[in-house]
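Novice: As input, take data-v8.cif (mmCIF, C-alpha atoms and all ligand atoms; chains and numbers go by the auth columns):
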data_input
#
loop_
_atom_site.group_PDB
_atom_site.id
_atom_site.type_symbol
_atom_site.label_atom_id
_atom_site.label_comp_id
_atom_site.label_asym_id
_atom_site.label_seq_id
_atom_site.Cartn_x
_atom_site.Cartn_y
_atom_site.Cartn_z
_atom_site.B_iso_or_equiv
_atom_site.auth_seq_id
_atom_site.auth_asym_id
ATOM 1 C CA MET A 1 -2.467 -31.588 -12.470 0.00 1 A
ATOM 2 C CA ARG A 2 -3.240 -27.847 -12.488 0.00 2 A
ATOM 3 C CA ARG A 3 -0.567 -26.176 -10.412 0.00 3 A
ATOM 4 C CA GLY A 4 -0.465 -22.512 -9.379 0.00 4 A
ATOM 5 C CA ILE A 5 2.927 -20.867 -8.876 0.00 5 A
ATOM 6 C CA PHE A 6 2.927 -17.944 -6.472 0.00 6 A
ATOM 7 C CA GLY A 7 6.230 -16.093 -6.262 0.00 7 A
ATOM 8 C CA GLY A 8 7.038 -13.138 -4.051 0.00 8 A
ATOM 9 C CA THR A 9 9.423 -11.702 -1.537 0.00 9 A
ATOM 10 C CA PHE A 10 6.950 -12.630 1.232 0.00 10 A
ATOM 11 C CA ASN A 11 8.672 -10.191 3.576 0.00 11 A
ATOM 12 C CA PRO A 12 6.642 -11.345 5.490 0.00 12 A
ATOM 13 C CA ILE A 13 3.802 -13.496 4.097 0.00 13 A
ATOM 14 C CA HIS A 14 0.399 -12.113 5.162 0.00 14 A
ATOM 15 C CA LEU A 15 -3.301 -12.954 5.016 0.00 15 A
ATOM 16 C CA GLY A 16 -3.679 -10.959 1.765 0.00 16 A
ATOM 17 C CA HIS A 17 -1.360 -13.493 0.086 0.00 17 A
ATOM 18 C CA LEU A 18 -3.001 -16.506 1.695 0.00 18 A
ATOM 19 C CA ARG A 19 -6.641 -15.598 1.096 0.00 19 A
ATOM 20 C CA THR A 20 -5.827 -14.564 -2.484 0.00 20 A
ATOM 21 C CA ALA A 21 -4.148 -17.920 -3.147 0.00 21 A
ATOM 22 C CA GLU A 22 -7.098 -19.788 -1.660 0.00 22 A
ATOM 23 C CA GLU A 23 -9.610 -17.875 -3.801 0.00 23 A
ATOM 24 C CA VAL A 24 -7.535 -18.454 -6.935 0.00 24 A
ATOM 25 C CA ARG A 25 -7.297 -22.168 -6.164 0.00 25 A
ATOM 26 C CA ASP A 26 -11.036 -22.382 -5.701 0.00 26 A
ATOM 27 C CA ALA A 27 -12.059 -20.215 -8.682 0.00 27 A
ATOM 28 C CA CYS A 28 -9.545 -21.719 -11.130 0.00 28 A
ATOM 29 C CA MET A 29 -9.869 -25.298 -9.893 0.00 29 A
ATOM 30 C CA LEU A 30 -6.178 -25.653 -9.178 0.00 30 A
ATOM 31 C CA ASP A 31 -4.975 -28.870 -7.546 0.00 31 A
ATOM 32 C CA SER A 32 -2.210 -27.134 -5.644 0.00 32 A
ATOM 33 C CA ILE A 33 -0.353 -23.873 -5.196 0.00 33 A
ATOM 34 C CA LEU A 34 3.396 -23.653 -4.785 0.00 34 A
ATOM 35 C CA PHE A 35 4.665 -20.578 -2.929 0.00 35 A
ATOM 36 C CA ILE A 36 8.178 -19.587 -3.993 0.00 36 A
ATOM 37 C CA PRO A 37 9.889 -17.016 -1.775 0.00 37 A
ATOM 38 C CA SER A 38 12.681 -15.112 -3.513 0.00 38 A
ATOM 39 C CA GLY A 39 16.295 -15.684 -2.484 0.00 39 A
ATOM 40 C CA ASN A 40 18.741 -13.184 -1.017 0.00 40 A
ATOM 41 C CA PRO A 41 19.596 -10.458 -3.559 0.00 41 A
ATOM 42 C CA PRO A 42 23.335 -9.948 -4.271 0.00 42 A
ATOM 43 C CA LEU A 43 23.225 -6.575 -2.524 0.00 43 A
ATOM 44 C CA LYS A 44 21.628 -6.505 0.885 0.00 44 A
ATOM 45 C CA GLU A 45 18.389 -4.517 0.852 0.00 45 A
ATOM 46 C CA ALA A 46 17.326 -2.622 3.958 0.00 46 A
ATOM 47 C CA ASP A 47 14.261 -4.114 5.588 0.00 47 A
ATOM 48 C CA LEU A 48 14.480 -7.400 3.669 0.00 48 A
ATOM 49 C CA ALA A 49 14.611 -10.325 6.076 0.00 49 A
ATOM 50 C CA GLU A 50 17.063 -13.129 5.254 0.00 50 A
ATOM 51 C CA ALA A 51 15.638 -15.557 2.702 0.00 51 A
ATOM 52 C CA GLY A 52 15.825 -18.368 5.275 0.00 52 A
ATOM 53 C CA HIS A 53 13.517 -16.424 7.608 0.00 53 A
ATOM 54 C CA ARG A 54 11.064 -15.549 4.834 0.00 54 A
ATOM 55 C CA TYR A 55 10.995 -19.188 3.719 0.00 55 A
ATOM 56 C CA ALA A 56 10.436 -20.381 7.305 0.00 56 A
ATOM 57 C CA MET A 57 7.497 -18.000 7.713 0.00 57 A
ATOM 58 C CA VAL A 58 5.877 -19.179 4.459 0.00 58 A
ATOM 59 C CA ARG A 59 6.364 -22.792 5.543 0.00 59 A
ATOM 60 C CA ARG A 60 4.561 -22.122 8.826 0.00 60 A
ATOM 61 C CA ALA A 61 1.812 -20.157 7.082 0.00 61 A
ATOM 62 C CA VAL A 62 0.966 -22.885 4.537 0.00 62 A
ATOM 63 C CA GLU A 63 1.440 -26.044 6.567 0.00 63 A
ATOM 64 C CA SER A 64 -2.195 -26.369 7.634 0.00 64 A
ATOM 65 C CA ASN A 65 -3.491 -26.165 4.043 0.00 65 A
ATOM 66 C CA PRO A 66 -3.161 -29.481 2.173 0.00 66 A
ATOM 67 C CA TYR A 67 -3.315 -27.675 -1.193 0.00 67 A
ATOM 68 C CA PHE A 68 -0.453 -25.301 -0.406 0.00 68 A
ATOM 69 C CA ASP A 69 3.251 -26.005 -0.504 0.00 69 A
ATOM 70 C CA VAL A 70 6.478 -23.987 -0.403 0.00 70 A
ATOM 71 C CA SER A 71 9.621 -24.327 -2.489 0.00 71 A
ATOM 72 C CA ASP A 72 13.167 -23.392 -1.532 0.00 72 A
ATOM 73 C CA MET A 73 14.402 -23.427 -5.157 0.00 73 A
ATOM 74 C CA GLU A 74 15.145 -19.678 -5.273 0.00 74 A
ATOM 75 C CA LEU A 75 16.873 -19.787 -1.879 0.00 75 A
ATOM 76 C CA LYS A 76 19.365 -22.354 -3.059 0.00 76 A
ATOM 77 C CA ARG A 77 20.649 -20.240 -5.931 0.00 77 A
ATOM 78 C CA THR A 78 23.872 -18.441 -5.336 0.00 78 A
ATOM 79 C CA GLU A 79 23.632 -16.380 -8.517 0.00 79 A
ATOM 80 C CA ARG A 80 20.947 -13.735 -9.055 0.00 80 A
ATOM 81 C CA SER A 81 17.546 -15.328 -9.340 0.00 81 A
ATOM 82 C CA TYR A 82 15.173 -14.622 -12.210 0.00 82 A
ATOM 83 C CA THR A 83 11.552 -15.717 -12.654 0.00 83 A
ATOM 84 C CA VAL A 84 12.359 -17.055 -16.134 0.00 84 A
ATOM 85 C CA THR A 85 14.982 -19.417 -14.663 0.00 85 A
ATOM 86 C CA THR A 86 12.534 -20.571 -11.991 0.00 86 A
ATOM 87 C CA LEU A 87 9.806 -21.294 -14.529 0.00 87 A
ATOM 88 C CA LEU A 88 12.158 -23.194 -16.838 0.00 88 A
ATOM 89 C CA GLU A 89 13.176 -25.376 -13.874 0.00 89 A
ATOM 90 C CA LEU A 90 9.556 -25.923 -12.858 0.00 90 A
ATOM 91 C CA ARG A 91 8.601 -26.994 -16.374 0.00 91 A
ATOM 92 C CA GLU A 92 11.309 -29.623 -16.198 0.00 92 A
ATOM 93 C CA GLU A 93 10.253 -30.744 -12.760 0.00 93 A
ATOM 94 C CA TYR A 94 6.539 -30.984 -13.614 0.00 94 A
ATOM 95 C CA PRO A 95 6.435 -31.756 -17.356 0.00 95 A
ATOM 96 C CA GLU A 96 2.915 -33.205 -17.175 0.00 96 A
ATOM 97 C CA ASP A 97 1.355 -30.317 -15.258 0.00 97 A
ATOM 98 C CA GLU A 98 -0.486 -27.229 -16.412 0.00 98 A
ATOM 99 C CA LEU A 99 1.287 -24.356 -14.680 0.00 99 A
ATOM 100 C CA PHE A 100 -0.232 -20.971 -13.865 0.00 100 A
ATOM 101 C CA PHE A 101 1.735 -18.001 -12.562 0.00 101 A
ATOM 102 C CA ILE A 102 -0.291 -16.084 -9.961 0.00 102 A
ATOM 103 C CA LEU A 103 0.435 -12.430 -9.351 0.00 103 A
ATOM 104 C CA GLY A 104 -1.205 -9.169 -8.329 0.00 104 A
ATOM 105 C CA VAL A 105 -2.063 -6.590 -10.966 0.00 105 A
ATOM 106 C CA ASP A 106 0.736 -4.358 -9.587 0.00 106 A
ATOM 107 C CA ALA A 107 3.289 -7.081 -10.304 0.00 107 A
ATOM 108 C CA PHE A 108 1.749 -7.883 -13.709 0.00 108 A
ATOM 109 C CA LEU A 109 2.151 -4.257 -14.801 0.00 109 A
ATOM 110 C CA ASP A 110 5.763 -4.445 -13.673 0.00 110 A
ATOM 111 C CA ILE A 111 6.714 -7.454 -15.833 0.00 111 A
ATOM 112 C CA PRO A 112 8.143 -5.371 -18.707 0.00 112 A
ATOM 113 C CA THR A 113 10.888 -4.245 -16.279 0.00 113 A
ATOM 114 C CA TRP A 114 11.790 -7.849 -15.300 0.00 114 A
ATOM 115 C CA TRP A 115 14.546 -9.899 -16.911 0.00 115 A
ATOM 116 C CA GLN A 116 13.569 -11.299 -20.346 0.00 116 A
ATOM 117 C CA PRO A 117 9.861 -10.352 -20.208 0.00 117 A
ATOM 118 C CA GLY A 118 9.306 -11.563 -23.788 0.00 118 A
ATOM 119 C CA GLN A 119 10.488 -15.054 -22.871 0.00 119 A
ATOM 120 C CA LEU A 120 8.650 -15.005 -19.546 0.00 120 A
ATOM 121 C CA ILE A 121 5.219 -14.428 -21.072 0.00 121 A
ATOM 122 C CA ARG A 122 5.773 -17.282 -23.512 0.00 122 A
ATOM 123 C CA LEU A 123 6.538 -19.790 -20.757 0.00 123 A
ATOM 124 C CA ILE A 124 3.345 -19.922 -18.728 0.00 124 A
ATOM 125 C CA ASP A 125 -0.285 -18.779 -18.453 0.00 125 A
ATOM 126 C CA PHE A 126 -1.016 -16.049 -15.902 0.00 126 A
ATOM 127 C CA ILE A 127 -3.699 -15.495 -13.295 0.00 127 A
ATOM 128 C CA VAL A 128 -3.734 -11.807 -12.402 0.00 128 A
ATOM 129 C CA VAL A 129 -5.539 -10.860 -9.202 0.00 129 A
ATOM 130 C CA ALA A 130 -6.976 -7.515 -8.203 0.00 130 A
ATOM 131 C CA ARG A 131 -5.337 -5.710 -5.314 0.00 131 A
ATOM 132 C CA PRO A 132 -6.605 -2.687 -3.363 0.00 132 A
ATOM 133 C CA GLY A 133 -4.825 0.510 -4.331 0.00 133 A
ATOM 134 C CA PHE A 134 -4.108 -0.744 -7.867 0.00 134 A
ATOM 135 C CA ASP A 135 -6.733 -0.195 -10.525 0.00 135 A
ATOM 136 C CA MET A 136 -7.333 -3.445 -12.429 0.00 136 A
ATOM 137 C CA ALA A 137 -8.445 -1.338 -15.425 0.00 137 A
ATOM 138 C CA HIS A 138 -4.838 -0.156 -15.841 0.00 138 A
ATOM 139 C CA ALA A 139 -3.937 -3.678 -16.889 0.00 139 A
ATOM 140 C CA VAL A 140 -5.396 -2.966 -20.350 0.00 140 A
ATOM 141 C CA ARG A 141 -2.408 -0.675 -20.906 0.00 141 A
ATOM 142 C CA SER A 142 0.015 -3.548 -20.505 0.00 142 A
ATOM 143 C CA PRO A 143 2.134 -3.946 -23.651 0.00 143 A
ATOM 144 C CA LEU A 144 2.085 -7.698 -22.977 0.00 144 A
ATOM 145 C CA LEU A 145 -1.536 -8.042 -24.078 0.00 145 A
ATOM 146 C CA GLU A 146 -2.135 -8.972 -27.685 0.00 146 A
ATOM 147 C CA GLY A 147 -3.992 -6.252 -29.608 0.00 147 A
ATOM 148 C CA THR A 148 -6.001 -3.662 -27.742 0.00 148 A
ATOM 149 C CA ALA A 149 -8.063 -4.723 -24.754 0.00 149 A
ATOM 150 C CA SER A 150 -10.984 -2.793 -23.298 0.00 150 A
ATOM 151 C CA PRO A 151 -11.526 -2.461 -19.523 0.00 151 A
ATOM 152 C CA LEU A 152 -14.710 -4.491 -20.036 0.00 152 A
ATOM 153 C CA SER A 153 -12.758 -7.431 -21.418 0.00 153 A
ATOM 154 C CA LEU A 154 -10.880 -7.645 -18.123 0.00 154 A
ATOM 155 C CA SER A 155 -14.054 -8.504 -16.259 0.00 155 A
ATOM 156 C CA SER A 156 -14.854 -11.370 -18.619 0.00 156 A
ATOM 157 C CA SER A 157 -14.460 -14.831 -17.157 0.00 157 A
ATOM 158 C CA SER A 158 -12.359 -15.881 -20.159 0.00 158 A
ATOM 159 C CA PRO A 159 -8.649 -15.200 -20.251 0.00 159 A
ATOM 160 C CA LEU A 160 -7.113 -12.602 -22.577 0.00 160 A
ATOM 161 C CA ARG A 161 -4.375 -13.479 -25.029 0.00 161 A
ATOM 162 C CA LEU A 162 -0.818 -12.333 -24.486 0.00 162 A
ATOM 163 C CA GLU A 163 1.773 -11.592 -27.156 0.00 163 A
ATOM 164 C CA GLY A 164 3.214 -14.975 -28.074 0.00 164 A
ATOM 165 C CA GLY A 165 0.036 -16.983 -27.486 0.00 165 A
ATOM 166 C CA ARG A 166 -0.168 -17.564 -23.728 0.00 166 A
ATOM 167 C CA THR A 167 -3.095 -16.176 -21.736 0.00 167 A
ATOM 168 C CA ALA A 168 -3.846 -14.027 -18.686 0.00 168 A
ATOM 169 C CA LEU A 169 -7.003 -14.438 -16.648 0.00 169 A
ATOM 170 C CA PHE A 170 -7.983 -11.364 -14.621 0.00 170 A
ATOM 171 C CA LEU A 171 -9.613 -12.404 -11.400 0.00 171 A
ATOM 172 C CA PRO A 172 -11.358 -10.228 -8.843 0.00 172 A
ATOM 173 C CA VAL A 173 -10.709 -11.515 -5.328 0.00 173 A
ATOM 174 C CA THR A 174 -11.855 -10.262 -1.922 0.00 174 A
ATOM 175 C CA PRO A 175 -10.016 -6.949 -1.576 0.00 175 A
ATOM 176 C CA LEU A 176 -7.711 -7.174 1.423 0.00 176 A
ATOM 177 C CA ASP A 177 -5.679 -4.036 1.811 0.00 177 A
ATOM 178 C CA ILE A 178 -2.716 -5.712 3.491 0.00 178 A
ATOM 179 C CA SER A 179 0.900 -5.280 2.456 0.00 179 A
ATOM 180 C CA SER A 180 4.202 -6.534 3.823 0.00 180 A
ATOM 181 C CA THR A 181 5.375 -2.909 3.886 0.00 181 A
ATOM 182 C CA ALA A 182 2.573 -1.945 6.285 0.00 182 A
ATOM 183 C CA ILE A 183 3.297 -4.979 8.489 0.00 183 A
ATOM 184 C CA ARG A 184 7.003 -4.126 8.736 0.00 184 A
ATOM 185 C CA ARG A 185 6.089 -0.555 9.684 0.00 185 A
ATOM 186 C CA LEU A 186 3.728 -1.746 12.432 0.00 186 A
ATOM 187 C CA VAL A 187 6.425 -4.028 13.876 0.00 187 A
ATOM 188 C CA ARG A 188 8.958 -1.210 13.793 0.00 188 A
ATOM 189 C CA GLU A 189 6.511 1.015 15.673 0.00 189 A
ATOM 190 C CA ASP A 190 5.838 -1.757 18.182 0.00 190 A
ATOM 191 C CA ARG A 191 2.180 -1.966 17.137 0.00 191 A
ATOM 192 C CA SER A 192 -0.044 -5.027 16.737 0.00 192 A
ATOM 193 C CA ILE A 193 0.011 -7.165 13.550 0.00 193 A
ATOM 194 C CA ARG A 194 -2.541 -9.641 14.873 0.00 194 A
ATOM 195 C CA TYR A 195 -5.096 -10.755 12.213 0.00 195 A
ATOM 196 C CA LEU A 196 -2.856 -9.427 9.407 0.00 196 A
ATOM 197 C CA VAL A 197 -0.565 -12.465 9.459 0.00 197 A
ATOM 198 C CA PRO A 198 -1.140 -16.036 10.707 0.00 198 A
ATOM 199 C CA GLU A 199 -0.426 -16.495 14.414 0.00 199 A
ATOM 200 C CA SER A 200 2.556 -18.700 13.629 0.00 200 A
ATOM 201 C CA VAL A 201 4.096 -15.909 11.534 0.00 201 A
ATOM 202 C CA GLU A 202 3.430 -13.299 14.211 0.00 202 A
ATOM 203 C CA GLU A 203 5.161 -15.562 16.719 0.00 203 A
ATOM 204 C CA TYR A 204 8.110 -16.141 14.351 0.00 204 A
ATOM 205 C CA ILE A 205 8.607 -12.403 13.795 0.00 205 A
ATOM 206 C CA ARG A 206 8.509 -11.784 17.546 0.00 206 A
ATOM 207 C CA SER A 207 10.825 -14.604 18.560 0.00 207 A
ATOM 208 C CA HIS A 208 13.439 -13.734 15.899 0.00 208 A
ATOM 209 C CA GLY A 209 13.185 -9.989 16.441 0.00 209 A
ATOM 210 C CA LEU A 210 12.536 -9.329 12.726 0.00 210 A
ATOM 211 C CA TYR A 211 11.763 -5.873 11.310 0.00 211 A
ATOM 212 C CA ARG A 212 12.608 -4.074 14.531 0.00 212 A
ATOM 213 C CA GLY A 213 14.595 -1.370 12.772 0.00 213 A
HETATM 214 P P1 LIG B . 5.771 -5.228 -0.129 0.00 1 B
HETATM 215 O O1 LIG B . 4.756 -4.404 0.624 0.00 1 B
HETATM 216 O O2 LIG B . 7.038 -5.510 0.641 0.00 1 B
HETATM 217 O O3 LIG B . 6.036 -4.667 -1.518 0.00 1 B
HETATM 218 P P2 LIG B . 3.744 -7.196 -0.860 0.00 1 B
HETATM 219 O O4 LIG B . 2.743 -7.121 0.241 0.00 1 B
HETATM 220 O O5 LIG B . 3.426 -6.510 -2.167 0.00 1 B
HETATM 221 O O6 LIG B . 5.163 -6.686 -0.326 0.00 1 B
HETATM 222 P P3 LIG B . 4.996 -9.445 -2.227 0.00 1 B
HETATM 223 O O7 LIG B . 5.676 -10.566 -1.555 0.00 1 B
HETATM 224 O O8 LIG B . 5.814 -8.442 -2.944 0.00 1 B
HETATM 225 O O9 LIG B . 4.075 -8.733 -1.090 0.00 1 B
HETATM 226 O O10 LIG B . 3.849 -9.983 -3.170 0.00 1 B
HETATM 227 C C1 LIG B . 3.869 -11.208 -3.839 0.00 1 B
HETATM 228 C C2 LIG B . 2.664 -11.242 -4.779 0.00 1 B
HETATM 229 O O11 LIG B . 1.448 -11.138 -4.019 0.00 1 B
HETATM 230 C C3 LIG B . 2.637 -10.088 -5.781 0.00 1 B
HETATM 231 O O12 LIG B . 2.205 -10.607 -7.030 0.00 1 B
HETATM 232 C C4 LIG B . 1.599 -9.128 -5.205 0.00 1 B
HETATM 233 O O13 LIG B . 0.943 -8.396 -6.205 0.00 1 B
HETATM 234 C C5 LIG B . 0.622 -10.093 -4.523 0.00 1 B
HETATM 235 N N1 LIG B . -0.046 -9.501 -3.365 0.00 1 B
HETATM 236 C C6 LIG B . 0.542 -8.999 -2.265 0.00 1 B
HETATM 237 N N2 LIG B . -0.372 -8.548 -1.384 0.00 1 B
HETATM 238 C C7 LIG B . -1.581 -8.752 -1.948 0.00 1 B
HETATM 239 C C8 LIG B . -2.951 -8.482 -1.514 0.00 1 B
HETATM 240 N N3 LIG B . -3.210 -7.896 -0.354 0.00 1 B
HETATM 241 N N4 LIG B . -3.948 -8.855 -2.358 0.00 1 B
HETATM 242 C C9 LIG B . -3.660 -9.448 -3.553 0.00 1 B
HETATM 243 N N5 LIG B . -2.412 -9.723 -4.002 0.00 1 B
HETATM 244 C C10 LIG B . -1.391 -9.381 -3.225 0.00 1 B
#
Take the structure in the file and give it back as structure tokens.
Specialist:
Amino acid sequence: MRRGIFGGTFNPIHLGHLRTAEEVRDACMLDSILFIPSGNPPLKEADLAEAGHRYAMVRRAVESNPYFDVSDMELKRTERSYTVTTLLELREEYPEDELFFILGVDAFLDIPTWWQPGQLIRLIDFIVVARPGFDMAHAVRSPLLEGTASPLSLSSSSPLRLEGGRTALFLPVTPLDISSTAIRRLVREDRSIRYLVPESVEEYIRSHGLYRG
């Protein structure tokens, strides 16, 4: 089974996440995509909804798609949660599966600042999606790529090699300039978020009074 892993804060999940995941599933012939909302950080961050709320919104957002699922594995951890730990657990849970880590180009460029990036890029193959406001061409500067890549090589349909032997496929998807930050701002300003998030998520945010300030 080819399984996509889509991690994020999902604060809240929006249609940019959902459409991106659907296009990746289709283009990369994945059998399923597992959304993994991050847990509560040790220090409370302003504007970050409780992990339980973020998980509940993802669950509502994915329930009508038979290929999508959500995991609470990062919520359950009491210690600080790292992507490396999550991926090691997933490899144990799905030893037969081919796993692909899905992330936006902004997040991919950030990996060197994550915990144990060298180990992370040796654990899994990556599918890196374009995102409005972030130039895909900048990805060639990533120190994680093996050798020197040209911007042209990013548009190839074959994946590029990463240091350590894993690969990263760069995938253009329908550009949807939606961010959780913008959604939180709209809620705070009492403006509409309709058609930016699924109806069930809009309703959840309203009924729980999230992101009001
Ligand atoms: P925030 O605005 O709070 O930073 P976000 O909208 O970037 O949040 P995250 O939960 O941080 O959402 O994102 C999870 C993953 O989804 C990241 O890899 C990010 O690059 C990707 N992503 C988020 N929004 C989009 C989008 N509109 N198109 C493509 N990828 C996206």
Novice: Kindly compile the residues surrounding ligand LIG 1 (chain B) within 10 Å, counting only C-alpha atoms and all ligand atoms, and format them as a PyMOL selection string.
Specialist: chain A and resi 6-21+35-38+47-48+54+101-110+127-134+172-185+196
Novice: Write the residues of the selection above to a file with C-alpha atoms, as a tab-separated table (two decimals), in the frame of the given file.
Specialist:
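Okay, this is what ended up in selection-v9.tsv:
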chain	number	residue	atom	x	y	z
A	6	PHE	CA	2.93	-17.94	-6.47
A	7	GLY	CA	6.23	-16.09	-6.26
A	8	GLY	CA	7.04	-13.14	-4.05
A	9	THR	CA	9.42	-11.70	-1.54
A	10	PHE	CA	6.95	-12.63	1.23
A	11	ASN	CA	8.67	-10.19	3.58
A	12	PRO	CA	6.64	-11.34	5.49
A	13	ILE	CA	3.80	-13.50	4.10
A	14	HIS	CA	0.40	-12.11	5.16
A	15	LEU	CA	-3.30	-12.95	5.02
A	16	GLY	CA	-3.68	-10.96	1.76
A	17	HIS	CA	-1.36	-13.49	0.09
A	18	LEU	CA	-3.00	-16.51	1.70
A	19	ARG	CA	-6.64	-15.60	1.10
A	20	THR	CA	-5.83	-14.56	-2.48
A	21	ALA	CA	-4.15	-17.92	-3.15
A	35	PHE	CA	4.66	-20.58	-2.93
A	36	ILE	CA	8.18	-19.59	-3.99
A	37	PRO	CA	9.89	-17.02	-1.78
A	38	SER	CA	12.68	-15.11	-3.51
A	47	ASP	CA	14.26	-4.11	5.59
A	48	LEU	CA	14.48	-7.40	3.67
A	54	ARG	CA	11.06	-15.55	4.83
A	101	PHE	CA	1.74	-18.00	-12.56
A	102	ILE	CA	-0.29	-16.08	-9.96
A	103	LEU	CA	0.44	-12.43	-9.35
A	104	GLY	CA	-1.20	-9.17	-8.33
A	105	VAL	CA	-2.06	-6.59	-10.97
A	106	ASP	CA	0.74	-4.36	-9.59
A	107	ALA	CA	3.29	-7.08	-10.30
A	108	PHE	CA	1.75	-7.88	-13.71
A	109	LEU	CA	2.15	-4.26	-14.80
A	110	ASP	CA	5.76	-4.44	-13.67
A	127	ILE	CA	-3.70	-15.50	-13.30
A	128	VAL	CA	-3.73	-11.81	-12.40
A	129	VAL	CA	-5.54	-10.86	-9.20
A	130	ALA	CA	-6.98	-7.52	-8.20
A	131	ARG	CA	-5.34	-5.71	-5.31
A	132	PRO	CA	-6.60	-2.69	-3.36
A	133	GLY	CA	-4.82	0.51	-4.33
A	134	PHE	CA	-4.11	-0.74	-7.87
A	172	PRO	CA	-11.36	-10.23	-8.84
A	173	VAL	CA	-10.71	-11.52	-5.33
A	174	THR	CA	-11.86	-10.26	-1.92
A	175	PRO	CA	-10.02	-6.95	-1.58
A	176	LEU	CA	-7.71	-7.17	1.42
A	177	ASP	CA	-5.68	-4.04	1.81
A	178	ILE	CA	-2.72	-5.71	3.49
A	179	SER	CA	0.90	-5.28	2.46
A	180	SER	CA	4.20	-6.53	3.82
A	181	THR	CA	5.38	-2.91	3.89
A	182	ALA	CA	2.57	-1.94	6.28
A	183	ILE	CA	3.30	-4.98	8.49
A	184	ARG	CA	7.00	-4.13	8.74
A	185	ARG	CA	6.09	-0.56	9.68
A	196	LEU	CA	-2.86	-9.43	9.41
Novice: Sorted by chain and rising residue number, list the residues of stretch 96-180 of chain A at most 9 Å from stretch 76-88 of chain A (counting all atoms listed in the file), each with its closest atom pair and distance in Å to one decimal, as JSON lines.
Specialist:
{"residue": "A:Phe101", "atom": "CA", "partner": "A:Leu87", "partner_atom": "CA", "distance": 8.9}
{"residue": "A:Trp114", "atom": "CA", "partner": "A:Tyr82", "partner_atom": "CA", "distance": 8.2}
{"residue": "A:Trp115", "atom": "CA", "partner": "A:Tyr82", "partner_atom": "CA", "distance": 6.7}
{"residue": "A:Gln116", "atom": "CA", "partner": "A:Val84", "partner_atom": "CA", "distance": 7.2}
{"residue": "A:Pro117", "atom": "CA", "partner": "A:Val84", "partner_atom": "CA", "distance": 8.2}
{"residue": "A:Gln119", "atom": "CA", "partner": "A:Val84", "partner_atom": "CA", "distance": 7.3}
{"residue": "A:Leu120", "atom": "CA", "partner": "A:Val84", "partner_atom": "CA", "distance": 5.4}
{"residue": "A:Leu123", "atom": "CA", "partner": "A:Leu87", "partner_atom": "CA", "distance": 7.2}
{"residue": "A:Ile124", "atom": "CA", "partner": "A:Leu87", "partner_atom": "CA", "distance": 7.8}
Novice: Which residue gives the smallest distance to A:Glu199 among A:Leu90, A:Ala61, A:Leu30, A:Pro66, with all atoms listed in the file counted?
Specialist: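 Of A:Leu90, A:Ala61, A:Leu30, A:Pro66, the one nearest A:Glu199 is A:Ala61, counting all atoms listed in the file.
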Novice: Written as an mmCIF file with C-alpha atoms, in the coordinates of the input, what is the full residue list that the PyMOL selection byres (((chain A and resi 147-164) around 9) and not hetatm) yields on the file shown?
Specialist:
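part_15.cif, freshly written:
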data_model
loop_
_atom_site.group_PDB
_atom_site.id
_atom_site.type_symbol
_atom_site.label_atom_id
_atom_site.label_comp_id
_atom_site.auth_asym_id
_atom_site.auth_seq_id
_atom_site.Cartn_x
_atom_site.Cartn_y
_atom_site.Cartn_z
ATOM 1 C CA GLY A 118 9.306 -11.563 -23.788
ATOM 2 C CA GLN A 119 10.488 -15.054 -22.871
ATOM 3 C CA ILE A 121 5.219 -14.428 -21.072
ATOM 4 C CA ARG A 122 5.773 -17.282 -23.512
ATOM 5 C CA ASP A 125 -0.285 -18.779 -18.453
ATOM 6 C CA PHE A 126 -1.016 -16.049 -15.902
ATOM 7 C CA ILE A 127 -3.699 -15.495 -13.295
ATOM 8 C CA MET A 136 -7.333 -3.445 -12.429
ATOM 9 C CA ALA A 137 -8.445 -1.338 -15.425
ATOM 10 C CA HIS A 138 -4.838 -0.156 -15.841
ATOM 11 C CA ALA A 139 -3.937 -3.678 -16.889
ATOM 12 C CA VAL A 140 -5.396 -2.966 -20.350
ATOM 13 C CA ARG A 141 -2.408 -0.675 -20.906
ATOM 14 C CA PRO A 143 2.134 -3.946 -23.651
ATOM 15 C CA LEU A 144 2.085 -7.698 -22.977
ATOM 16 C CA LEU A 145 -1.536 -8.042 -24.078
ATOM 17 C CA GLU A 146 -2.135 -8.972 -27.685
ATOM 18 C CA GLY A 165 0.036 -16.983 -27.486
ATOM 19 C CA ARG A 166 -0.168 -17.564 -23.728
ATOM 20 C CA THR A 167 -3.095 -16.176 -21.736
ATOM 21 C CA ALA A 168 -3.846 -14.027 -18.686
ATOM 22 C CA LEU A 169 -7.003 -14.438 -16.648
ATOM 23 C CA PHE A 170 -7.983 -11.364 -14.621
ATOM 24 C CA LEU A 171 -9.613 -12.404 -11.400
ATOM 25 C CA PRO A 172 -11.358 -10.228 -8.843
#
Novice: Convert the output of the PyMOL selection byres (((chain A and resi 208) around 12) and not hetatm) on the shown file into explicit residues, formatted as a list in words.
Specialist: Ala49, Glu50, Gly52, His53, Arg54, Ala56, Met57, Val201, Glu202, Glu203, Tyr204, Ile205, Arg206, Ser207, Gly209, Leu210, Tyr211 and Arg212 of chain A
Novice: Can you measure atom CA of A:Tyr195 to atom CA of A:Asn65 for me? One decimal in Å is fine.
Specialist: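 Atom CA of A:Asn65 lies 17.5 Å from atom CA of A:Tyr195.
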